[in-house]
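Engineer: If it helps, the file is called query.pdb and holds PDB, C-alpha atoms:
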ATOM      1  CA  MET J 295     -44.464 -99.501  17.393  1.00  0.00           C
ATOM      2  CA  SER J 296     -46.139-100.091  14.069  1.00  0.00           C
ATOM      3  CA  MET J 297     -45.330 -97.811  11.142  1.00  0.00           C
ATOM      4  CA  GLY J 298     -47.673 -97.533   8.215  1.00  0.00           C
ATOM      5  CA  ILE J 299     -46.674 -96.905   4.637  1.00  0.00           C
ATOM      6  CA  GLY J 300     -48.069 -93.375   4.885  1.00  0.00           C
ATOM      7  CA  LEU J 301     -45.703 -92.488   7.728  1.00  0.00           C
ATOM      8  CA  ILE J 302     -42.713 -93.966   5.924  1.00  0.00           C
ATOM      9  CA  LEU J 303     -43.511 -92.136   2.688  1.00  0.00           C
ATOM     10  CA  GLY J 304     -44.058 -88.912   4.626  1.00  0.00           C
ATOM     11  CA  ARG J 305     -40.653 -89.187   6.289  1.00  0.00           C
ATOM     12  CA  ALA J 306     -38.979 -89.987   2.972  1.00  0.00           C
ATOM     13  CA  GLU J 307     -40.642 -86.947   1.353  1.00  0.00           C
ATOM     14  CA  ALA J 308     -39.495 -84.750   4.240  1.00  0.00           C
ATOM     15  CA  THR J 309     -35.935 -86.065   3.968  1.00  0.00           C
ATOM     16  CA  ARG J 310     -35.911 -85.420   0.234  1.00  0.00           C
ATOM     17  CA  ALA J 311     -37.296 -81.894   0.716  1.00  0.00           C
ATOM     18  CA  VAL J 312     -34.629 -81.049   3.303  1.00  0.00           C
ATOM     19  CA  GLN J 313     -31.941 -82.478   1.069  1.00  0.00           C
ATOM     20  CA  GLU J 314     -33.138 -80.355  -1.853  1.00  0.00           C
ATOM     21  CA  SER J 315     -33.277 -77.207   0.289  1.00  0.00           C
ATOM     22  CA  LEU J 316     -29.712 -77.759   1.561  1.00  0.00           C
ATOM     23  CA  ALA J 317     -28.291 -78.986  -1.748  1.00  0.00           C
ATOM     24  CA  GLY J 318     -26.046 -75.954  -2.183  1.00  0.00           C
ATOM     25  CA  LYS J 319     -24.615 -76.101   1.334  1.00  0.00           C
ATOM     26  CA  TRP J 320     -24.365 -79.777   2.095  1.00  0.00           C
ATOM     27  CA  VAL J 321     -23.929 -82.908  -0.041  1.00  0.00           C
ATOM     28  CA  TRP J 322     -25.348 -86.249   1.079  1.00  0.00           C
ATOM     29  CA  ASP J 323     -22.882 -89.068   0.599  1.00  0.00           C
ATOM     30  CA  GLU J 324     -25.370 -91.905   0.537  1.00  0.00           C
ATOM     31  CA  LYS J 325     -28.168 -90.794  -1.790  1.00  0.00           C
ATOM     32  CA  THR J 326     -28.833 -87.850  -4.082  1.00  0.00           C
ATOM     33  CA  ALA J 327     -32.141 -86.006  -4.334  1.00  0.00           C
ATOM     34  CA  GLU J 328     -32.755 -87.787  -7.651  1.00  0.00           C
ATOM     35  CA  GLY J 329     -32.119 -91.098  -5.905  1.00  0.00           C
ATOM     36  CA  TRP J 330     -34.750 -90.248  -3.274  1.00  0.00           C
ATOM     37  CA  ALA J 331     -37.216 -89.236  -5.976  1.00  0.00           C
ATOM     38  CA  ALA J 332     -36.608 -92.480  -7.885  1.00  0.00           C
ATOM     39  CA  ASP J 333     -36.990 -94.590  -4.742  1.00  0.00           C
ATOM     40  CA  LEU J 334     -40.200 -92.813  -3.762  1.00  0.00           C
ATOM     41  CA  ALA J 335     -41.624 -93.289  -7.250  1.00  0.00           C
ATOM     42  CA  ALA J 336     -40.735 -96.991  -7.131  1.00  0.00           C
ATOM     43  CA  VAL J 337     -42.429 -97.436  -3.749  1.00  0.00           C
ATOM     44  CA  ARG J 338     -45.551 -95.630  -4.936  1.00  0.00           C
ATOM     45  CA  ALA J 339     -45.690 -97.771  -8.094  1.00  0.00           C
ATOM     46  CA  GLN J 340     -45.304-100.925  -6.014  1.00  0.00           C
ATOM     47  CA  GLN J 341     -48.025 -99.747  -3.635  1.00  0.00           C
ATOM     48  CA  ALA J 342     -50.387 -99.103  -6.564  1.00  0.00           C
ATOM     49  CA  GLN J 343     -49.627-102.563  -7.956  1.00  0.00           C
ATOM     50  CA  LEU J 344     -50.337-104.179  -4.570  1.00  0.00           C
ATOM     51  CA  THR J 345     -53.621-102.303  -4.314  1.00  0.00           C
ATOM     52  CA  GLY J 346     -54.611-103.686  -7.708  1.00  0.00           C
ATOM     53  CA  LEU J 347     -53.621-107.198  -6.644  1.00  0.00           C
ATOM     54  CA  GLU J 348     -55.688-106.888  -3.456  1.00  0.00           C
ATOM     55  CA  GLN J 349     -58.701-105.868  -5.526  1.00  0.00           C
ATOM     56  CA  ASP J 350     -58.145-108.807  -7.882  1.00  0.00           C
ATOM     57  CA  ALA J 351     -57.917-111.167  -4.905  1.00  0.00           C
ATOM     58  CA  GLY J 352     -61.159-109.766  -3.495  1.00  0.00           C
ATOM     59  CA  ARG J 353     -62.968-110.340  -6.783  1.00  0.00           C
ATOM     60  CA  ALA J 354     -61.560-113.863  -7.057  1.00  0.00           C
ATOM     61  CA  ARG J 355     -62.675-114.606  -3.490  1.00  0.00           C
ATOM     62  CA  ALA J 356     -66.191-113.437  -4.339  1.00  0.00           C
ATOM     63  CA  ASP J 357     -66.246-115.773  -7.347  1.00  0.00           C
ATOM     64  CA  VAL J 358     -65.061-118.710  -5.230  1.00  0.00           C
ATOM     65  CA  ASP J 359     -67.670-117.959  -2.562  1.00  0.00           C
ATOM     66  CA  ALA J 360     -70.426-117.881  -5.185  1.00  0.00           C
ATOM     67  CA  THR J 361     -69.230-121.181  -6.643  1.00  0.00           C
ATOM     68  CA  LEU J 362     -69.145-122.803  -3.198  1.00  0.00           C
ATOM     69  CA  ARG J 363     -72.686-121.607  -2.477  1.00  0.00           C
ATOM     70  CA  ASP J 364     -73.806-123.118  -5.789  1.00  0.00           C
ATOM     71  CA  VAL J 365     -72.080-126.446  -5.041  1.00  0.00           C
ATOM     72  CA  TYR J 366     -73.659-126.507  -1.578  1.00  0.00           C
ATOM     73  CA  ALA J 367     -77.135-125.790  -2.979  1.00  0.00           C
ATOM     74  CA  ARG J 368     -76.765-128.532  -5.605  1.00  0.00           C
ATOM     75  CA  THR J 369     -75.515-130.988  -2.974  1.00  0.00           C
ATOM     76  CA  VAL J 370     -78.484-130.258  -0.718  1.00  0.00           C
ATOM     77  CA  GLN J 371     -80.829-130.646  -3.670  1.00  0.00           C
ATOM     78  CA  GLY J 372     -79.231-133.955  -4.733  1.00  0.00           C
ATOM     79  CA  LEU J 373     -79.353-135.358  -1.215  1.00  0.00           C
ATOM     80  CA  GLY J 374     -83.013-134.353  -0.948  1.00  0.00           C
ATOM     81  CA  MET J 375     -83.785-136.134  -4.208  1.00  0.00           C
ATOM     82  CA  ALA J 376     -81.879-139.255  -3.086  1.00  0.00           C
ATOM     83  CA  ARG J 377     -83.637-139.217   0.288  1.00  0.00           C
ATOM     84  CA  ALA J 378     -87.040-139.004  -1.409  1.00  0.00           C
ATOM     85  CA  LYS J 379     -86.215-141.784  -3.910  1.00  0.00           C
ATOM     86  CA  TYR J 380     -84.651-144.234  -1.466  1.00  0.00           C
ATOM     87  CA  ARG J 381     -86.963-143.602   1.504  1.00  0.00           C
ATOM     88  CA  ASN J 382     -89.410-146.274   0.443  1.00  0.00           C
ATOM     89  CA  ASP J 383     -87.420-147.857  -2.413  1.00  0.00           C
ATOM     90  CA  PHE J 384     -84.324-149.132  -0.619  1.00  0.00           C
ATOM     91  CA  PRO J 385     -81.943-150.811  -3.100  1.00  0.00           C
TER
END
As structure tokens, how would this structure be written, given the file I've shared?

Structural biologist:
Amino acid sequence: MSMGIGLILGRAEATRAVQESLAGKWVWDEKTAEGWAADLAAVRAQQAQLTGLEQDAGRARADVDATLRDVYARTVQGLGMARAKYRNDFP
């Protein structure tokens, strides 16, 4: 079963909300409500950073594709010129 980041963040938010609502009656040994909040903020910041990196990679890929198209066009043009020059004037 595949879990997306949305599901994981939703479960973490629900756990934090339950922990905050039961804070007076029950104390979690492993992590405090502030710890959950800090972890959730860190995950969201990392997710935002990854989204920015994905956008940067997409822009870089577009630049590379444009450069490759230009190199291909120039290669075709150069081969056409060489074919025309050396068709009857073989060295």

Engineer: Pick out the closest residue to Gln313 of chain J from this set: J:Asp333, J:Glu348, J:Glu328, J:Asp357. Count only C-alpha atoms.

Structural biologist: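 Smallest distance to Gln313 of chain J is found for J:Glu328.
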
Engineer: Excluding segment 296-309 of chain J and any residue of its chain fewer than 4 positions from it, enumerate the residues within 9 Å of it, using all atoms listed in the file, and give them as a ChimeraX atom specification.

Structural biologist: /J:313-314,330-331,334,337-338,341

Engineer: Can you tell me how far atom CA of Val370 of chain J sits from atom CA of Asp383 of chain J, in Å to one decimal?

Structural biologist: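 About the pair atom CA of Val370 of chain J and atom CA of Asp383 of chain J: they are 19.8 Å apart.
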
Engineer: For atom CA of Thr361 of chain J and atom CA of Ala376 of chain J, quote the distance in Å rounded to one decimal.

Structural biologist: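 Taking atom CA of Thr361 of chain J and atom CA of Ala376 of chain J, their separation equals 22.3 Å.
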